[in-house]
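Next comes upload.pdb, with PDB, C-alpha atoms.
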```
ATOM      1  CA  MET L   1       0.000   0.000   0.000
ATOM      2  CA  ALA L   2       1.244   3.478  -0.793
ATOM      3  CA  PRO L   3       1.979   5.465   2.349
ATOM      4  CA  PRO L   4      -0.271   8.424   3.149
ATOM      5  CA  THR L   5       1.571  11.604   2.183
ATOM      6  CA  SER L   6       0.577  15.081   3.235
ATOM      7  CA  SER L   7      -0.708  17.588   0.717
ATOM      8  CA  ALA L   8       2.239  19.836   1.716
ATOM      9  CA  SER L   9       4.659  17.247   0.326
ATOM     10  CA  HIS L  10       2.533  17.082  -2.836
ATOM     11  CA  ILE L  11       2.951  20.837  -3.277
ATOM     12  CA  VAL L  12       6.743  20.608  -2.765
ATOM     13  CA  THR L  13       6.927  17.886  -5.427
ATOM     14  CA  LEU L  14       4.767  19.987  -7.747
ATOM     15  CA  LEU L  15       7.085  22.986  -7.304
ATOM     16  CA  LEU L  16      10.087  20.768  -8.050
ATOM     17  CA  LYS L  17       8.378  19.521 -11.217
ATOM     18  CA  PHE L  18       7.593  23.075 -12.258
ATOM     19  CA  PHE L  19      11.222  24.171 -11.667
ATOM     20  CA  ASN L  20      12.319  21.123 -13.671
ATOM     21  CA  PHE L  21      10.071  22.165 -16.556
ATOM     22  CA  VAL L  22      11.509  25.714 -16.546
ATOM     23  CA  LEU L  23      15.087  24.351 -16.621
ATOM     24  CA  LEU L  24      14.302  21.968 -19.486
ATOM     25  CA  PHE L  25      12.487  24.642 -21.450
ATOM     26  CA  ILE L  26      15.336  27.183 -21.195
ATOM     27  CA  SER L  27      17.867  24.435 -22.042
ATOM     28  CA  LEU L  28      15.775  23.558 -25.121
ATOM     29  CA  ILE L  29      15.681  27.172 -26.345
ATOM     30  CA  VAL L  30      19.411  27.754 -25.754
ATOM     31  CA  LEU L  31      20.244  24.507 -27.586
ATOM     32  CA  THR L  32      17.978  24.934 -30.607
ATOM     33  CA  THR L  33      18.951  28.576 -31.222
ATOM     34  CA  ASN L  34      22.670  27.772 -31.131
ATOM     35  CA  THR L  35      24.221  28.775 -34.453
ATOM     36  CA  ALA L  36      27.611  30.278 -35.214
ATOM     37  CA  THR L  37      30.019  31.002 -38.037
ATOM     38  CA  ALA L  38      33.071  28.804 -38.480
ATOM     39  CA  TYR L  39      36.266  29.880 -40.246
ATOM     40  CA  THR L  40      39.169  27.901 -41.624
ATOM     41  CA  GLU L  41      42.036  29.418 -43.631
ATOM     42  CA  ASP L  42      40.038  29.358 -46.859
ATOM     43  CA  LEU L  43      36.438  28.659 -45.893
ATOM     44  CA  THR L  44      33.636  30.301 -43.941
ATOM     45  CA  PHE L  45      30.466  28.396 -43.111
ATOM     46  CA  LYS L  46      27.528  28.217 -40.703
ATOM     47  CA  VAL L  47      27.516  25.712 -37.846
ATOM     48  CA  ARG L  48      24.157  24.672 -36.367
ATOM     49  CA  PHE L  49      23.532  22.530 -33.297
ATOM     50  CA  ASN L  50      21.859  19.834 -35.413
ATOM     51  CA  GLY L  51      25.040  19.237 -37.403
ATOM     52  CA  ILE L  52      26.348  17.431 -34.324
ATOM     53  CA  TYR L  53      24.737  14.076 -33.500
ATOM     54  CA  ALA L  54      25.203  14.344 -29.735
ATOM     55  CA  TYR L  55      23.285  17.644 -29.682
ATOM     56  CA  ARG L  56      20.421  15.980 -31.549
ATOM     57  CA  TYR L  57      20.377  13.285 -28.872
ATOM     58  CA  MET L  58      20.393  16.051 -26.225
ATOM     59  CA  LEU L  59      17.400  17.606 -27.969
ATOM     60  CA  ALA L  60      15.566  14.261 -28.014
ATOM     61  CA  THR L  61      16.111  13.632 -24.278
ATOM     62  CA  ASN L  62      15.099  17.230 -23.543
ATOM     63  CA  VAL L  63      11.826  16.883 -25.499
ATOM     64  CA  PHE L  64      11.022  13.594 -23.718
ATOM     65  CA  GLY L  65      11.720  15.376 -20.414
ATOM     66  CA  VAL L  66       9.475  18.334 -21.263
ATOM     67  CA  VAL L  67       6.550  16.116 -22.328
ATOM     68  CA  TYR L  68       6.899  13.848 -19.267
ATOM     69  CA  THR L  69       7.204  16.801 -16.869
ATOM     70  CA  LEU L  70       4.131  18.531 -18.334
ATOM     71  CA  LEU L  71       2.106  15.316 -17.945
ATOM     72  CA  GLN L  72       3.393  14.933 -14.369
ATOM     73  CA  ILE L  73       2.445  18.538 -13.529
ATOM     74  CA  ALA L  74      -1.055  17.975 -14.934
ATOM     75  CA  PHE L  75      -1.469  14.746 -12.911
ATOM     76  CA  SER L  76      -0.134  16.459  -9.759
ATOM     77  CA  ILE L  77      -2.549  19.387 -10.072
ATOM     78  CA  PHE L  78      -5.401  16.932 -10.615
ATOM     79  CA  HIS L  79      -4.231  14.976  -7.549
ATOM     80  CA  ILE L  80      -4.023  18.060  -5.312
ATOM     81  CA  THR L  81      -7.320  19.595  -6.416
ATOM     82  CA  MET L  82      -9.377  16.377  -6.584
ATOM     83  CA  GLY L  83      -7.619  14.663  -3.682
ATOM     84  CA  ASN L  84      -7.026  11.374  -5.503
ATOM     85  CA  HIS L  85      -4.803   9.790  -8.137
ATOM     86  CA  LEU L  86      -6.079   9.693 -11.708
ATOM     87  CA  ILE L  87      -4.841   6.118 -11.770
ATOM     88  CA  SER L  88      -6.320   4.414  -8.748
ATOM     89  CA  GLY L  89      -4.484   2.313  -6.181
ATOM     90  CA  ASP L  90      -0.780   1.553  -6.488
ATOM     91  CA  GLY L  91      -0.707   2.060 -10.291
ATOM     92  CA  GLY L  92       0.006   5.784 -10.015
ATOM     93  CA  ALA L  93       2.888   5.321  -7.577
ATOM     94  CA  LEU L  94       4.434   2.614  -9.775
ATOM     95  CA  LEU L  95       4.053   4.784 -12.876
ATOM     96  CA  ASP L  96       5.796   7.675 -11.076
ATOM     97  CA  PHE L  97       8.544   5.340  -9.862
ATOM     98  CA  TYR L  98       9.442   3.874 -13.264
ATOM     99  CA  GLY L  99       8.721   7.097 -15.174
ATOM    100  CA  ASP L 100      10.976   9.218 -12.947
ATOM    101  CA  LYS L 101      13.692   6.573 -13.148
ATOM    102  CA  VAL L 102      13.662   6.328 -16.950
ATOM    103  CA  ILE L 103      13.448  10.095 -17.521
ATOM    104  CA  SER L 104      16.242  10.808 -15.025
ATOM    105  CA  TYR L 105      18.501   8.315 -16.853
ATOM    106  CA  LEU L 106      17.608   9.906 -20.203
ATOM    107  CA  LEU L 107      18.390  13.433 -18.968
ATOM    108  CA  ALA L 108      21.675  12.255 -17.404
ATOM    109  CA  THR L 109      22.796  10.682 -20.680
ATOM    110  CA  GLY L 110      21.697  13.745 -22.671
ATOM    111  CA  ALA L 111      23.738  16.078 -20.476
ATOM    112  CA  ALA L 112      26.749  13.706 -20.528
ATOM    113  CA  ALA L 113      26.707  13.411 -24.331
ATOM    114  CA  GLY L 114      26.423  17.203 -24.620
ATOM    115  CA  PHE L 115      29.338  17.934 -22.285
ATOM    116  CA  GLY L 116      31.525  15.153 -23.711
ATOM    117  CA  VAL L 117      31.092  16.190 -27.311
ATOM    118  CA  THR L 118      31.569  19.907 -26.628
ATOM    119  CA  VAL L 119      34.861  19.367 -24.779
ATOM    120  CA  ASP L 120      36.360  17.048 -27.397
ATOM    121  CA  LEU L 121      35.064  18.806 -30.507
ATOM    122  CA  LYS L 122      36.448  22.116 -29.205
ATOM    123  CA  ALA L 123      39.843  20.458 -28.596
ATOM    124  CA  THR L 124      39.765  18.912 -32.098
ATOM    125  CA  PHE L 125      38.630  22.093 -33.854
ATOM    126  CA  ASP L 126      41.298  24.124 -32.026
ATOM    127  CA  ALA L 127      43.944  21.574 -33.046
ATOM    128  CA  ILE L 128      43.035  21.694 -36.751
ATOM    129  CA  GLY L 129      42.674  25.482 -36.828
ATOM    130  CA  LEU L 130      38.898  25.613 -37.291
ATOM    131  CA  VAL L 131      37.739  28.747 -35.492
ATOM    132  CA  ILE L 132      34.145  28.858 -34.252
ATOM    133  CA  ASP L 133      32.586  31.764 -32.354
ATOM    134  CA  LYS L 134      33.263  31.205 -28.648
ATOM    135  CA  SER L 135      29.556  31.726 -27.962
ATOM    136  CA  PHE L 136      28.779  28.444 -29.752
ATOM    137  CA  TYR L 137      30.638  26.434 -27.117
ATOM    138  CA  GLU L 138      29.346  28.636 -24.297
ATOM    139  CA  LYS L 139      25.737  28.102 -25.348
ATOM    140  CA  ALA L 140      26.323  24.361 -25.679
ATOM    141  CA  TYR L 141      27.775  24.275 -22.143
ATOM    142  CA  ALA L 142      24.897  26.424 -20.848
ATOM    143  CA  SER L 143      22.310  24.100 -22.381
ATOM    144  CA  ALA L 144      24.063  20.974 -21.070
ATOM    145  CA  SER L 145      24.391  22.554 -17.598
ATOM    146  CA  LEU L 146      20.656  23.322 -17.481
ATOM    147  CA  LEU L 147      19.965  19.750 -18.588
ATOM    148  CA  LEU L 148      22.254  18.536 -15.783
ATOM    149  CA  LEU L 149      20.312  20.635 -13.247
ATOM    150  CA  ALA L 150      17.049  19.246 -14.627
ATOM    151  CA  PHE L 151      18.534  15.753 -14.227
ATOM    152  CA  ILE L 152      19.332  16.516 -10.549
ATOM    153  CA  CYS L 153      15.706  17.660 -10.039
ATOM    154  CA  THR L 154      14.424  14.466 -11.644
ATOM    155  CA  ALA L 155      16.824  12.340  -9.585
ATOM    156  CA  ILE L 156      15.422  13.946  -6.396
ATOM    157  CA  LEU L 157      11.872  13.300  -7.650
ATOM    158  CA  SER L 158      12.944   9.717  -8.386
ATOM    159  CA  VAL L 159      14.143   9.241  -4.782
ATOM    160  CA  ILE L 160      10.792  10.641  -3.538
ATOM    161  CA  SER L 161       8.804   8.315  -5.819
ATOM    162  CA  SER L 162      10.930   5.339  -4.692
ATOM    163  CA  TYR L 163       9.733   5.904  -1.130
ATOM    164  CA  ALA L 164       6.106   5.987  -2.303
ATOM    165  CA  VAL L 165       6.328   2.750  -4.284
ATOM    166  CA  PRO L 166       4.258  -0.087  -2.811
ATOM    167  CA  LYS L 167       6.172  -2.967  -1.289
ATOM    168  CA  LYS L 168       5.640  -6.302  -2.989
ATOM    169  CA  VAL L 169       6.789  -8.434  -0.092
TER     170      VAL L 169
ATOM    171  CA  MET W   1      11.918  -2.151   8.761
ATOM    172  CA  ALA W   2      13.545  -3.832   5.751
ATOM    173  CA  PRO W   3      11.305  -6.559   4.362
ATOM    174  CA  PRO W   4      12.380 -10.174   4.800
ATOM    175  CA  THR W   5      13.805 -11.401   1.500
ATOM    176  CA  SER W   6      14.544 -14.984   0.648
ATOM    177  CA  SER W   7      18.111 -16.217   0.283
ATOM    178  CA  ALA W   8      17.219 -17.235  -3.313
ATOM    179  CA  SER W   9      16.657 -13.597  -4.218
ATOM    180  CA  HIS W  10      19.980 -12.722  -2.545
ATOM    181  CA  ILE W  11      21.730 -15.241  -4.795
ATOM    182  CA  VAL W  12      20.036 -13.800  -7.924
ATOM    183  CA  THR W  13      21.203 -10.304  -6.935
ATOM    184  CA  LEU W  14      24.706 -11.627  -6.277
ATOM    185  CA  LEU W  15      24.820 -13.251  -9.733
ATOM    186  CA  LEU W  16      23.665  -9.974 -11.285
ATOM    187  CA  LYS W  17      26.433  -8.109  -9.437
ATOM    188  CA  PHE W  18      28.993 -10.647 -10.593
ATOM    189  CA  PHE W  19      27.817 -10.350 -14.221
ATOM    190  CA  ASN W  20      27.992  -6.562 -13.826
ATOM    191  CA  PHE W  21      31.598  -6.823 -12.614
ATOM    192  CA  VAL W  22      32.567  -8.996 -15.616
ATOM    193  CA  LEU W  23      30.995  -6.493 -18.047
ATOM    194  CA  LEU W  24      32.753  -3.542 -16.406
ATOM    195  CA  PHE W  25      36.088  -5.351 -16.306
ATOM    196  CA  ILE W  26      36.005  -6.297 -20.016
ATOM    197  CA  SER W  27      34.870  -2.755 -20.902
ATOM    198  CA  LEU W  28      37.816  -1.390 -18.892
ATOM    199  CA  ILE W  29      40.343  -3.602 -20.696
ATOM    200  CA  VAL W  30      38.924  -2.852 -24.161
ATOM    201  CA  LEU W  31      38.963   0.888 -23.417
ATOM    202  CA  THR W  32      42.437   1.163 -21.904
ATOM    203  CA  THR W  33      44.115  -0.953 -24.599
ATOM    204  CA  ASN W  34      42.582   1.094 -27.400
ATOM    205  CA  THR W  35      45.379   2.585 -29.492
ATOM    206  CA  ALA W  36      45.619   3.156 -33.235
ATOM    207  CA  THR W  37      47.615   4.949 -35.888
ATOM    208  CA  ALA W  38      46.195   8.086 -37.480
ATOM    209  CA  TYR W  39      47.190   9.412 -40.900
ATOM    210  CA  THR W  40      46.715  12.784 -42.523
ATOM    211  CA  GLU W  41      48.188  13.772 -45.904
ATOM    212  CA  ASP W  42      51.553  14.615 -44.377
ATOM    213  CA  LEU W  43      51.521  13.226 -40.853
ATOM    214  CA  THR W  44      51.360   9.874 -39.098
ATOM    215  CA  PHE W  45      50.825   9.658 -35.352
ATOM    216  CA  LYS W  46      49.565   7.423 -32.554
ATOM    217  CA  VAL W  47      46.097   7.942 -31.088
ATOM    218  CA  ARG W  48      45.425   6.684 -27.571
ATOM    219  CA  PHE W  49      42.107   6.555 -25.741
ATOM    220  CA  ASN W  50      43.353   9.024 -23.113
ATOM    221  CA  GLY W  51      43.882  11.720 -25.718
ATOM    222  CA  ILE W  52      40.096  12.112 -25.720
ATOM    223  CA  TYR W  53      38.536  13.667 -22.600
ATOM    224  CA  ALA W  54      35.239  11.760 -22.865
ATOM    225  CA  TYR W  55      37.103   8.428 -22.830
ATOM    226  CA  ARG W  56      38.923   9.496 -19.666
ATOM    227  CA  TYR W  57      35.542  10.226 -18.096
ATOM    228  CA  MET W  58      34.358   6.788 -19.263
ATOM    229  CA  LEU W  59      37.404   5.267 -17.581
ATOM    230  CA  ALA W  60      36.662   7.140 -14.339
ATOM    231  CA  THR W  61      33.020   5.980 -14.219
ATOM    232  CA  ASN W  62      34.130   2.443 -15.069
ATOM    233  CA  VAL W  63      36.670   2.386 -12.218
ATOM    234  CA  PHE W  64      34.053   3.715  -9.760
ATOM    235  CA  GLY W  65      31.705   0.982 -10.986
ATOM    236  CA  VAL W  66      34.312  -1.770 -10.574
ATOM    237  CA  VAL W  67      35.237  -0.694  -7.026
ATOM    238  CA  TYR W  68      31.576  -0.326  -5.974
ATOM    239  CA  THR W  69      30.582  -3.674  -7.510
ATOM    240  CA  LEU W  70      33.470  -5.492  -5.827
ATOM    241  CA  LEU W  71      32.475  -4.034  -2.446
ATOM    242  CA  GLN W  72      28.839  -4.994  -3.108
ATOM    243  CA  ILE W  73      29.843  -8.566  -3.996
ATOM    244  CA  ALA W  74      31.897  -8.823  -0.798
ATOM    245  CA  PHE W  75      28.973  -7.505   1.302
ATOM    246  CA  SER W  76      26.527  -9.859  -0.449
ATOM    247  CA  ILE W  77      28.713 -12.920   0.155
ATOM    248  CA  PHE W  78      29.064 -11.896   3.804
ATOM    249  CA  HIS W  79      25.281 -11.434   3.996
ATOM    250  CA  ILE W  80      24.501 -14.836   2.451
ATOM    251  CA  THR W  81      27.078 -16.799   4.448
ATOM    252  CA  MET W  82      26.551 -15.051   7.789
ATOM    253  CA  GLY W  83      22.829 -14.451   7.360
ATOM    254  CA  ASN W  84      22.935 -10.787   8.338
ATOM    255  CA  HIS W  85      23.929  -7.389   7.006
ATOM    256  CA  LEU W  86      27.387  -6.062   7.883
ATOM    257  CA  ILE W  87      25.655  -2.766   8.578
ATOM    258  CA  SER W  88      22.835  -3.559  10.926
ATOM    259  CA  GLY W  89      19.222  -2.433  10.598
ATOM    260  CA  ASP W  90      18.035  -0.235   7.779
ATOM    261  CA  GLY W  91      21.492   1.265   7.128
ATOM    262  CA  GLY W  92      22.485  -1.471   4.676
ATOM    263  CA  ALA W  93      19.291  -1.159   2.636
ATOM    264  CA  LEU W  94      19.647   2.638   2.452
ATOM    265  CA  LEU W  95      23.307   2.354   1.459
ATOM    266  CA  ASP W  96      22.361  -0.087  -1.339
ATOM    267  CA  PHE W  97      19.535   2.215  -2.458
ATOM    268  CA  TYR W  98      21.618   5.387  -2.767
ATOM    269  CA  GLY W  99      24.771   3.562  -3.897
ATOM    270  CA  ASP W 100      23.008   1.725  -6.728
ATOM    271  CA  LYS W 101      21.302   4.950  -7.779
ATOM    272  CA  VAL W 102      24.505   7.005  -7.919
ATOM    273  CA  ILE W 103      26.567   4.309  -9.648
ATOM    274  CA  SER W 104      23.840   3.631 -12.222
ATOM    275  CA  TYR W 105      23.735   7.357 -13.074
ATOM    276  CA  LEU W 106      27.543   7.434 -13.345
ATOM    277  CA  LEU W 107      27.650   4.420 -15.677
ATOM    278  CA  ALA W 108      24.817   5.845 -17.827
ATOM    279  CA  THR W 109      26.686   9.141 -18.255
ATOM    280  CA  GLY W 110      29.966   7.325 -18.976
ATOM    281  CA  ALA W 111      28.373   5.248 -21.735
ATOM    282  CA  ALA W 112      26.560   8.302 -23.171
ATOM    283  CA  ALA W 113      29.733  10.394 -23.273
ATOM    284  CA  GLY W 114      31.584   7.490 -24.928
ATOM    285  CA  PHE W 115      28.975   6.939 -27.642
ATOM    286  CA  GLY W 116      28.430  10.659 -28.259
ATOM    287  CA  VAL W 117      32.094  11.471 -28.685
ATOM    288  CA  THR W 118      32.835   8.461 -30.889
ATOM    289  CA  VAL W 119      30.018   9.273 -33.339
ATOM    290  CA  ASP W 120      30.891  12.960 -33.661
ATOM    291  CA  LEU W 121      34.689  12.633 -33.648
ATOM    292  CA  LYS W 122      34.461   9.990 -36.387
ATOM    293  CA  ALA W 123      32.257  12.317 -38.460
ATOM    294  CA  THR W 124      34.678  15.214 -37.888
ATOM    295  CA  PHE W 125      37.822  13.180 -38.612
ATOM    296  CA  ASP W 126      36.246  11.774 -41.792
ATOM    297  CA  ALA W 127      35.295  15.297 -42.895
ATOM    298  CA  ILE W 128      38.832  16.683 -42.438
ATOM    299  CA  GLY W 129      40.517  13.664 -44.014
ATOM    300  CA  LEU W 130      42.116  12.280 -40.845
ATOM    301  CA  VAL W 131      42.179   8.514 -41.242
ATOM    302  CA  ILE W 132      42.232   6.368 -38.107
ATOM    303  CA  ASP W 133      42.230   2.564 -38.057
ATOM    304  CA  LYS W 134      38.586   1.429 -38.086
ATOM    305  CA  SER W 135      39.341  -0.795 -35.092
ATOM    306  CA  PHE W 136      39.813   2.318 -32.927
ATOM    307  CA  TYR W 137      36.166   3.294 -33.332
ATOM    308  CA  GLU W 138      34.993  -0.310 -33.099
ATOM    309  CA  LYS W 139      36.792  -0.814 -29.784
ATOM    310  CA  ALA W 140      35.397   2.472 -28.479
ATOM    311  CA  TYR W 141      31.870   1.354 -29.402
ATOM    312  CA  ALA W 142      32.481  -2.099 -27.889
ATOM    313  CA  SER W 143      33.674  -0.572 -24.616
ATOM    314  CA  ALA W 144      30.752   1.895 -24.490
ATOM    315  CA  SER W 145      28.279  -0.923 -25.285
ATOM    316  CA  LEU W 146      29.629  -3.055 -22.439
ATOM    317  CA  LEU W 147      29.362  -0.023 -20.142
ATOM    318  CA  LEU W 148      25.760   0.425 -21.309
ATOM    319  CA  LEU W 149      24.999  -3.228 -20.484
ATOM    320  CA  ALA W 150      26.625  -2.765 -17.069
ATOM    321  CA  PHE W 151      24.428   0.312 -16.593
ATOM    322  CA  ILE W 152      21.319  -1.779 -17.381
ATOM    323  CA  CYS W 153      22.433  -4.363 -14.776
ATOM    324  CA  THR W 154      22.936  -1.606 -12.203
ATOM    325  CA  ALA W 155      19.572  -0.036 -13.080
ATOM    326  CA  ILE W 156      17.888  -3.418 -12.413
ATOM    327  CA  LEU W 157      19.799  -3.701  -9.112
ATOM    328  CA  SER W 158      18.673  -0.154  -8.330
ATOM    329  CA  VAL W 159      15.000  -1.103  -8.845
ATOM    330  CA  ILE W 160      15.505  -4.120  -6.549
ATOM    331  CA  SER W 161      17.156  -2.000  -3.856
ATOM    332  CA  SER W 162      14.341   0.590  -4.135
ATOM    333  CA  TYR W 163      11.854  -2.084  -3.104
ATOM    334  CA  ALA W 164      14.006  -3.030  -0.119
ATOM    335  CA  VAL W 165      14.371   0.523   1.169
ATOM    336  CA  PRO W 166      12.590   1.123   4.495
ATOM    337  CA  LYS W 167       9.551   3.382   4.390
ATOM    338  CA  LYS W 168       9.880   6.512   6.457
ATOM    339  CA  VAL W 169       6.164   7.220   6.821
TER     340      VAL W 169
END
```
Could you quickly redo this structure as structure tokens?
Amino acid sequence: MAPPTSSASHIVTLLLKFFNFVLLFISLIVLTTNTATAYTEDLTFKVRFNGIYAYRYMLATNVFGVVYTLLQIAFSIFHITMGNHLISGDGGALLDFYGDKVISYLLATGAAAGFGVTVDLKATFDAIGLVIDKSFYEKAYASASLLLLAFICTAILSVISSYAVPKKV
Amino acid sequence: MAPPTSSASHIVTLLLKFFNFVLLFISLIVLTTNTATAYTEDLTFKVRFNGIYAYRYMLATNVFGVVYTLLQIAFSIFHITMGNHLISGDGGALLDFYGDKVISYLLATGAAAGFGVTVDLKATFDAIGLVIDKSFYEKAYASASLLLLAFICTAILSVISSYAVPKKV
């Protein structure tokens, strides 16, 4: 049986979900608007975030996170105002438990891919003399950092939903 | 109070931990022995895994995973043979819960950074005409795949330890 939790704790979780949504949304905007000009000795061309596979993966995890968080916020508001889960019994707690777990892993991998690629591509581009506007890397780091913060939020939510999961023993 | 679990389930968890250790260990060997020769039009040089930051991060997460899994195996064997936790009461269950969570996040990020960097560095190197032995990328993918499998093992262990965590309500 799911333990009885106070409505105060429901509001704290809701605030955390809302903060998570804001982080993901800003990260999404920073990532998708990231374009810059690249120069080599004889060439000049545009670089966009979607030219780099890892940033596309980041985008995908971010979109999953936004959709999941919006659904979670809607369910939470329903729960607080109506006083019961949309999905009755232990189903809701289990859904939260596995959902939070999967989404937190997705966000963690998105942030890791973003950081990893930015560090190593910058090192490679510097080594071969390809100059890209510094703001391109800065925006990539900013977006990955926001995604990392959103991951930390989701990991906290995942710990909370682990405590609410019904015992099967 | 931690729920009573059968010794059969303890043996299944131990086997999973052992399998996890094997995966991590092979991934570690494949990663750290990954060297190749790179050619440009006028240069030939050695490439080692530790020239790439994301692979160093992979190595770090892998080493954390190996150490944690070895400790977990030792604790599990102690638990099965002696019939009680080394850390009495709920402490052991909580330690498993948070430990499994943190290590599974670390392994997920390690694998993600490894995959992300390999895909995009290969694309970049191909574009600038830097030829590296195909086996370099293949070994990187193999190591990241093994790390991903180890992450899946740890995620399963993390679900199991979530069920065993004492309720605080």
Could the residues of chain L that have an atom at most 7 Å from chain W be listed as CSV, each with its closest atom pair and the distance in Å to one decimal, counting only C-alpha atoms and ordered by chain and ascending residue number?
```
residue,atom,partner,partner_atom,distance
L:Pro3,CA,W:Val169,CA,6.4
L:Ile52,CA,W:Asp120,CA,6.4
L:Tyr53,CA,W:Asp120,CA,6.3
L:Ala54,CA,W:Gly116,CA,5.1
L:Tyr105,CA,W:Tyr105,CA,6.5
L:Ala108,CA,W:Thr109,CA,6.0
L:Thr109,CA,W:Thr109,CA,4.8
L:Ala112,CA,W:Thr109,CA,5.1
L:Ala113,CA,W:Ala113,CA,4.4
L:Gly116,CA,W:Ala54,CA,5.1
L:Val117,CA,W:Val117,CA,5.0
L:Asp120,CA,W:Tyr53,CA,6.3
L:Leu121,CA,W:Leu121,CA,6.9
L:Ser162,CA,W:Ser162,CA,5.9
L:Tyr163,CA,W:Lys167,CA,6.1
L:Lys167,CA,W:Tyr163,CA,6.0
L:Val169,CA,W:Pro3,CA,6.6
```
Selection dump of the PyMOL selection byres ((chain W and resi 75-78) around 10), as number ranges by chain: W: 10-11, 13-14, 17, 69-74, 79-87, 92
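Non-sequential neighbours of range 33-48 of chain L (distance at most 9 Å, separation of 4 or more positions within a chain, only C-alpha atoms) are Leu28, Ile29, Ile52, Ile128, Gly129, Leu130, Val131, Ile132, Asp133, Lys134, Ser135, Phe136, Lys139 and Ala140 of chain L.
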Measure the distance from CA of Val63 in chain L to CA of Leu146 in chain W in Å and round it to one decimal.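 Value for the CA of Val63 in chain L-CA of Leu146 in chain W distance: 26.9 Å.
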Could the centre and edge lengths of an axis-aligned box, enclosing all atoms of range 115-121 of chain W in the file with 4 Å extra on each side, be given in Å to one decimal as AutoDock Vina command-line options?
```
--center_x 31.6 --center_y 9.9 --center_z -30.7 --size_x 14.3 --size_y 14.0 --size_z 14.0
```
Expanded to explicit residues, what is the PyMOL selection byres ((chain W and resi 24) around 9) for this file, as a ChimeraX atom specification? /W:19-23,25-29,62-63,65-66,143,146-147,149-150
Mind giving me the straight-line distance from CA of Thr154 in chain L to CA of Asp100 in chain L in Å, one decimal? 6.4 Å
Have a look at CA of Thr32 in chain L and CA of Ser145 in chain W and let me know their distance in Å, one decimal.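 Those two atoms sit 28.3 Å apart.
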